[in-house]
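Written out below as structure tokens is the structure these notes cover.
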Amino acid sequence: MEKNSSLAKKADEFLQIFKKGEEFTKDLIKENEKLRFRLAQLEEALQKSGNEERIRLYEDRLRMLDEELKSLLERYRKVEEENKDFASKYVEIETENNNLANLYVASYQLHSTLDFNDVLRIVLEIVINLIGAEKFAVMLMDEKTNELIPVATEGLSLDEIPKVKIGEGTIGKVAKEAESYFSETTAYASETDATNPIVCIPLKIKEHVIGVISIYSLFVQKTEFSNVDYELFNLLAGHAATAIFSSKLYTQSERKLTTIQSFLDLLKDRTGK
Amino acid sequence: MPNILIVEDSPTMRQLISFTVKRIPESRVIEATDGVDAFKKLSSEKIDIILADINMPVMDGLKLVSLVRGNVHYKNIPIIMITTEGAEEDKKKALAIGANAYLTKPIMSQELLKLVNSLLSSIKSDT
């Protein structure tokens with residue numbers, strides 16, 4: 001009987017230990033679940049924090065790239081501006097080059113000969129080809145009569161150009177005052193009024209006027225004067241005057257020399273006889 | 001090395017055109033005073049391009065263009081007319097008989113250079 005009760009006691013103790021073991025196992029499982037949950041939370045948090053870090057890095061990189069792009073765009077704009085500047089400077093230099101070539105050629109040709117007729121031909125060529133005048137006349141001063149006499153024309157005959165007294169009309173005034181005249185209009189006109197040029201340039205050596213160039217009309221394609229035309233007018237005023245004057249003197253002196261030489265030859269012949 | 005033939009009776013214009021086209025690297029300028037003189041130069045020199053005036057004594061520029069286009073040896077040489085004749089019908093006439101381009105005086109050096117360079121490069125690309 002006693003043996004039975006001790007067995008029952010032991011069984012009860014075992015049952016209790018077993019229950020405690022069961023409870024303990026349940027607690028352990030709970031704790032394990034909690035820990036798993038916490039681990040999952042931590043893992044999730046860790047992943048989240050990693051993404052944010054990466055996003056932050058990407059954002060920084062984007063900001064940097066954005067700044068770089070802005071600076072590149074700014075540099076591109078500056079280079080483009082410089083380019084435009086260079087292009088306009090290039091056009092300016094080319095125009096200047098063109099002008100200088102025109103002036104050089106005109107000046108070179110004017111002083112390339114001492115023959116009066118050749119000089120007149122060159123003046124005509126310059127006015128036709130470099131300025132673009134269709135109808136014009138070169139008039140020289142006759143010191144004896146104080147009149148301007150036409151000596152060469154283009155697009156008109158010499159007869160169509162009347163002699164002009166110094167101080168009379170537009171042409172006479174230019175010769176008297178030694179100042180160029182430019183009319184307000186350069187429009188093409190088929191009719192020519194020989195007393196009313198659109199441009200009149202005095203040919204002068206220092207302030208002494210030896211003649212004028214009167215332009216009556218320009219070619220159809222020439223609608224207005226450019227800067228180089230005014231430079232050419234200035235060049236013609238001085239250089240053409242010098243070239244015409246010196247060639248005239250040279251031709252006269254050549255003629256005189258021939259006369260004197262003939263006279264000397266005649267004298268030699270007579271004294272020889 | 002392009003050989004450029006300038007056909008022009010005015011020495012002033014010849015010098016100005018020559019001055020301009022000599023800016024083309026290695027170019028060589030040959031000058032003629034009229035159409036007949038130009039033809040002589042064509043037979044003695046290898047010409048790559050012709051720049052010709054219209055109004056010239058002896059033989060004018062239009063006659064020169066016709067003769068060049070009718071000649072089996074020279075028919076492909078590009079020709080630029082440089083003239084004072086600014087009327088549209090003059091231009092049409094010159095282009096119709098075979099001129100490649102038409103420039104009116106006074107000339108702008110940039111325009112002439114651009115035209116010469118473009119015609120010279122079109123020859124290069126054809127060959």
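Residue names in the structure tokens use chain letters A, B, ... in the order shown, residue numbers from 1 in each chain, and ligand numbers from 1 in the order shown.
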
Please identify all residues of chain B having at least one atom at most 12 Å from any atom of chain A, considering only C-alpha atoms, and return them as a PDB file with N, CA and C atoms, in the first residue's frame.
```
ATOM      1  N   GLU B   8      39.684  89.045-118.190  1.00  0.00           N
ATOM      2  CA  GLU B   8      39.176  90.390-117.870  1.00  0.00           C
ATOM      3  C   GLU B   8      40.031  91.416-118.593  1.00  0.00           C
ATOM      4  N   ASP B   9      39.374  92.363-119.262  1.00  0.00           N
ATOM      5  CA  ASP B   9      40.152  93.364-120.007  1.00  0.00           C
ATOM      6  C   ASP B   9      40.664  94.487-119.110  1.00  0.00           C
ATOM      7  N   SER B  10      40.026  94.694-117.965  1.00  0.00           N
ATOM      8  CA  SER B  10      40.471  95.773-117.077  1.00  0.00           C
ATOM      9  C   SER B  10      41.595  95.287-116.156  1.00  0.00           C
ATOM     10  N   PRO B  11      42.792  95.935-116.257  1.00  0.00           N
ATOM     11  CA  PRO B  11      43.898  95.522-115.388  1.00  0.00           C
ATOM     12  C   PRO B  11      43.563  95.680-113.897  1.00  0.00           C
ATOM     13  N   THR B  12      42.738  96.697-113.595  1.00  0.00           N
ATOM     14  CA  THR B  12      42.342  96.929-112.192  1.00  0.00           C
ATOM     15  C   THR B  12      41.557  95.733-111.667  1.00  0.00           C
ATOM     16  N   MET B  13      40.590  95.275-112.461  1.00  0.00           N
ATOM     17  CA  MET B  13      39.779  94.135-112.027  1.00  0.00           C
ATOM     18  C   MET B  13      40.590  92.848-111.999  1.00  0.00           C
ATOM     19  N   ARG B  14      41.487  92.711-113.002  1.00  0.00           N
ATOM     20  CA  ARG B  14      42.332  91.500-113.022  1.00  0.00           C
ATOM     21  C   ARG B  14      43.144  91.431-111.736  1.00  0.00           C
ATOM     22  N   GLN B  15      43.714  92.575-111.362  1.00  0.00           N
ATOM     23  CA  GLN B  15      44.541  92.592-110.149  1.00  0.00           C
ATOM     24  C   GLN B  15      43.704  92.319-108.898  1.00  0.00           C
ATOM     25  N   LEU B  16      42.511  92.907-108.854  1.00  0.00           N
ATOM     26  CA  LEU B  16      41.659  92.717-107.675  1.00  0.00           C
ATOM     27  C   LEU B  16      41.198  91.256-107.545  1.00  0.00           C
ATOM     28  N   ILE B  17      40.784  90.664-108.670  1.00  0.00           N
ATOM     29  CA  ILE B  17      40.324  89.270-108.635  1.00  0.00           C
ATOM     30  C   ILE B  17      41.499  88.350-108.288  1.00  0.00           C
ATOM     31  N   SER B  18      42.634  88.635-108.912  1.00  0.00           N
ATOM     32  CA  SER B  18      43.836  87.830-108.658  1.00  0.00           C
ATOM     33  C   SER B  18      44.223  87.899-107.176  1.00  0.00           C
ATOM     34  N   PHE B  19      44.192  89.116-106.649  1.00  0.00           N
ATOM     35  CA  PHE B  19      44.499  89.374-105.243  1.00  0.00           C
ATOM     36  C   PHE B  19      43.600  88.518-104.334  1.00  0.00           C
ATOM     37  N   THR B  20      42.336  88.404-104.729  1.00  0.00           N
ATOM     38  CA  THR B  20      41.358  87.664-103.920  1.00  0.00           C
ATOM     39  C   THR B  20      41.576  86.157-104.018  1.00  0.00           C
ATOM     40  N   VAL B  21      41.675  85.644-105.262  1.00  0.00           N
ATOM     41  CA  VAL B  21      41.732  84.177-105.406  1.00  0.00           C
ATOM     42  C   VAL B  21      43.084  83.584-105.013  1.00  0.00           C
ATOM     43  N   LYS B  22      44.106  84.443-104.954  1.00  0.00           N
ATOM     44  CA  LYS B  22      45.414  83.925-104.528  1.00  0.00           C
ATOM     45  C   LYS B  22      45.387  83.511-103.058  1.00  0.00           C
ATOM     46  N   ARG B  23      44.311  83.844-102.371  1.00  0.00           N
ATOM     47  CA  ARG B  23      44.183  83.413-100.969  1.00  0.00           C
ATOM     48  C   ARG B  23      43.854  81.923-100.877  1.00  0.00           C
ATOM     49  N   ASP B  53      34.876  87.977-117.410  1.00  0.00           N
ATOM     50  CA  ASP B  53      34.022  89.159-117.570  1.00  0.00           C
ATOM     51  C   ASP B  53      33.125  88.907-118.785  1.00  0.00           C
ATOM     52  N   ILE B  82      31.862  87.321-114.090  1.00  0.00           N
ATOM     53  CA  ILE B  82      31.949  88.478-113.186  1.00  0.00           C
ATOM     54  C   ILE B  82      31.725  89.717-114.053  1.00  0.00           C
ATOM     55  N   THR B  83      30.595  90.366-113.839  1.00  0.00           N
ATOM     56  CA  THR B  83      30.204  91.415-114.787  1.00  0.00           C
ATOM     57  C   THR B  83      29.468  92.586-114.139  1.00  0.00           C
ATOM     58  N   THR B  84      29.388  93.666-114.891  1.00  0.00           N
ATOM     59  CA  THR B  84      28.613  94.823-114.409  1.00  0.00           C
ATOM     60  C   THR B  84      27.139  94.659-114.765  1.00  0.00           C
ATOM     61  N   GLU B  85      26.850  93.705-115.667  1.00  0.00           N
ATOM     62  CA  GLU B  85      25.459  93.512-116.132  1.00  0.00           C
ATOM     63  C   GLU B  85      24.623  92.865-115.028  1.00  0.00           C
ATOM     64  N   GLY B  86      23.794  93.691-114.397  1.00  0.00           N
ATOM     65  CA  GLY B  86      23.050  93.189-113.235  1.00  0.00           C
ATOM     66  C   GLY B  86      21.638  92.741-113.532  1.00  0.00           C
ATOM     67  N   ALA B  87      21.188  92.905-114.784  1.00  0.00           N
ATOM     68  CA  ALA B  87      19.796  92.544-115.107  1.00  0.00           C
ATOM     69  C   ALA B  87      19.606  91.030-115.063  1.00  0.00           C
ATOM     70  N   GLU B  88      18.414  90.637-114.619  1.00  0.00           N
ATOM     71  CA  GLU B  88      18.112  89.212-114.429  1.00  0.00           C
ATOM     72  C   GLU B  88      18.217  88.429-115.742  1.00  0.00           C
ATOM     73  N   LYS B  91      21.756  87.463-116.551  1.00  0.00           N
ATOM     74  CA  LYS B  91      22.170  86.341-115.712  1.00  0.00           C
ATOM     75  C   LYS B  91      21.619  85.026-116.274  1.00  0.00           C
ATOM     76  N   LEU B 103      28.318  86.546-110.994  1.00  0.00           N
ATOM     77  CA  LEU B 103      28.539  87.555-109.947  1.00  0.00           C
ATOM     78  C   LEU B 103      28.524  88.942-110.580  1.00  0.00           C
ATOM     79  N   THR B 104      27.912  89.894-109.874  1.00  0.00           N
ATOM     80  CA  THR B 104      27.912  91.258-110.419  1.00  0.00           C
ATOM     81  C   THR B 104      28.930  92.125-109.682  1.00  0.00           C
ATOM     82  N   LYS B 105      29.490  93.082-110.447  1.00  0.00           N
ATOM     83  CA  LYS B 105      30.451  94.025-109.863  1.00  0.00           C
ATOM     84  C   LYS B 105      29.675  95.144-109.180  1.00  0.00           C
ATOM     85  N   PRO B 106      30.192  95.780-108.158  1.00  0.00           N
ATOM     86  CA  PRO B 106      31.463  95.466-107.511  1.00  0.00           C
ATOM     87  C   PRO B 106      31.378  94.146-106.741  1.00  0.00           C
ATOM     88  N   ILE B 107      32.443  93.365-106.811  1.00  0.00           N
ATOM     89  CA  ILE B 107      32.413  92.046-106.184  1.00  0.00           C
ATOM     90  C   ILE B 107      32.810  92.130-104.711  1.00  0.00           C
ATOM     91  N   MET B 108      32.305  91.145-103.952  1.00  0.00           N
ATOM     92  CA  MET B 108      32.724  91.008-102.555  1.00  0.00           C
ATOM     93  C   MET B 108      33.668  89.807-102.520  1.00  0.00           C
ATOM     94  N   SER B 109      34.849  90.016-101.973  1.00  0.00           N
ATOM     95  CA  SER B 109      35.861  88.961-102.011  1.00  0.00           C
ATOM     96  C   SER B 109      35.382  87.663-101.352  1.00  0.00           C
ATOM     97  N   GLN B 110      34.623  87.781-100.229  1.00  0.00           N
ATOM     98  CA  GLN B 110      34.153  86.574 -99.536  1.00  0.00           C
ATOM     99  C   GLN B 110      33.251  85.738-100.440  1.00  0.00           C
ATOM    100  N   GLU B 111      32.371  86.458-101.145  1.00  0.00           N
ATOM    101  CA  GLU B 111      31.404  85.790-102.018  1.00  0.00           C
ATOM    102  C   GLU B 111      32.138  85.064-103.152  1.00  0.00           C
ATOM    103  N   LEU B 112      33.117  85.760-103.730  1.00  0.00           N
ATOM    104  CA  LEU B 112      33.874  85.165-104.841  1.00  0.00           C
ATOM    105  C   LEU B 112      34.659  83.944-104.358  1.00  0.00           C
ATOM    106  N   LEU B 113      35.325  84.095-103.217  1.00  0.00           N
ATOM    107  CA  LEU B 113      36.128  82.989-102.674  1.00  0.00           C
ATOM    108  C   LEU B 113      35.267  81.767-102.382  1.00  0.00           C
TER     109      LEU B 113
END
```

Give me the residues within 12 Å of region 151-156 of chain A as a PyMOL selection string, counting only C-alpha atoms and dropping any in the same chain fewer than 6 places off.
chain A and resi 116-129+132-142+162-163+190-194+211-219+244

Which residues in chain B does DSSP call alpha helix (DSSP H)? List them as a PyMOL selection string.
chain B and resi 11-21+35-44+61-70+88-96+109-126

Got a sec: who's within 9 Å of Asp60 (chain B), counting only C-alpha atoms, leaving out chain neighbours fewer than 6 positions off, as a PyMOL selection string?
chain B and resi 34-36+52-54

Save the residues we just selected, N, CA and C atoms, as a PDB file, in the first residue's frame?
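As written to disk, out_24.pdb reads:
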```
ATOM      1  N   ASP B  34      41.101  88.837-122.965  1.00  0.00           N
ATOM      2  CA  ASP B  34      39.828  88.672-123.692  1.00  0.00           C
ATOM      3  C   ASP B  34      39.613  87.184-123.979  1.00  0.00           C
ATOM      4  N   GLY B  35      38.519  86.879-124.684  1.00  0.00           N
ATOM      5  CA  GLY B  35      38.169  85.486-124.967  1.00  0.00           C
ATOM      6  C   GLY B  35      39.206  84.746-125.793  1.00  0.00           C
ATOM      7  N   VAL B  36      39.766  85.444-126.783  1.00  0.00           N
ATOM      8  CA  VAL B  36      40.754  84.794-127.656  1.00  0.00           C
ATOM      9  C   VAL B  36      42.015  84.458-126.860  1.00  0.00           C
ATOM     10  N   ALA B  52      35.396  84.857-115.738  1.00  0.00           N
ATOM     11  CA  ALA B  52      35.400  85.705-116.945  1.00  0.00           C
ATOM     12  C   ALA B  52      34.422  86.863-116.866  1.00  0.00           C
ATOM     13  N   ASP B  53      34.876  87.977-117.410  1.00  0.00           N
ATOM     14  CA  ASP B  53      34.022  89.159-117.570  1.00  0.00           C
ATOM     15  C   ASP B  53      33.125  88.907-118.785  1.00  0.00           C
ATOM     16  N   ILE B  54      32.067  89.686-118.945  1.00  0.00           N
ATOM     17  CA  ILE B  54      31.238  89.534-120.150  1.00  0.00           C
ATOM     18  C   ILE B  54      31.683  90.528-121.225  1.00  0.00           C
TER      19      ILE B  54
END
```

Could you write out, as a ChimeraX atom specification, all the residues of region 19-85 of chain B that DSSP marks as strand (DSSP E)?
/B:28-32,49-52,79-83

Have a look at CA of Leu100 (chain A) and CA of Ser183 (chain A) and let me know their distance in Å, one decimal.
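Going from CA of Leu100 (chain A) over to CA of Ser183 (chain A), I get 25.6 Å.
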
Which residues come within 12 Å of Asp48 (chain B), counting only C-alpha atoms, excluding same-chain residues fewer than 5 positions away, as a PyMOL selection string?
chain B and resi 1-6+27-30+41-42+73-80+116-117+119-124

Could you please determine the separation between CA of Lys204 (chain A) and CA of Leu232 (chain A) in Å, to one decimal place?
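Separation of CA of Lys204 (chain A) and CA of Leu232 (chain A): 14.1 Å.
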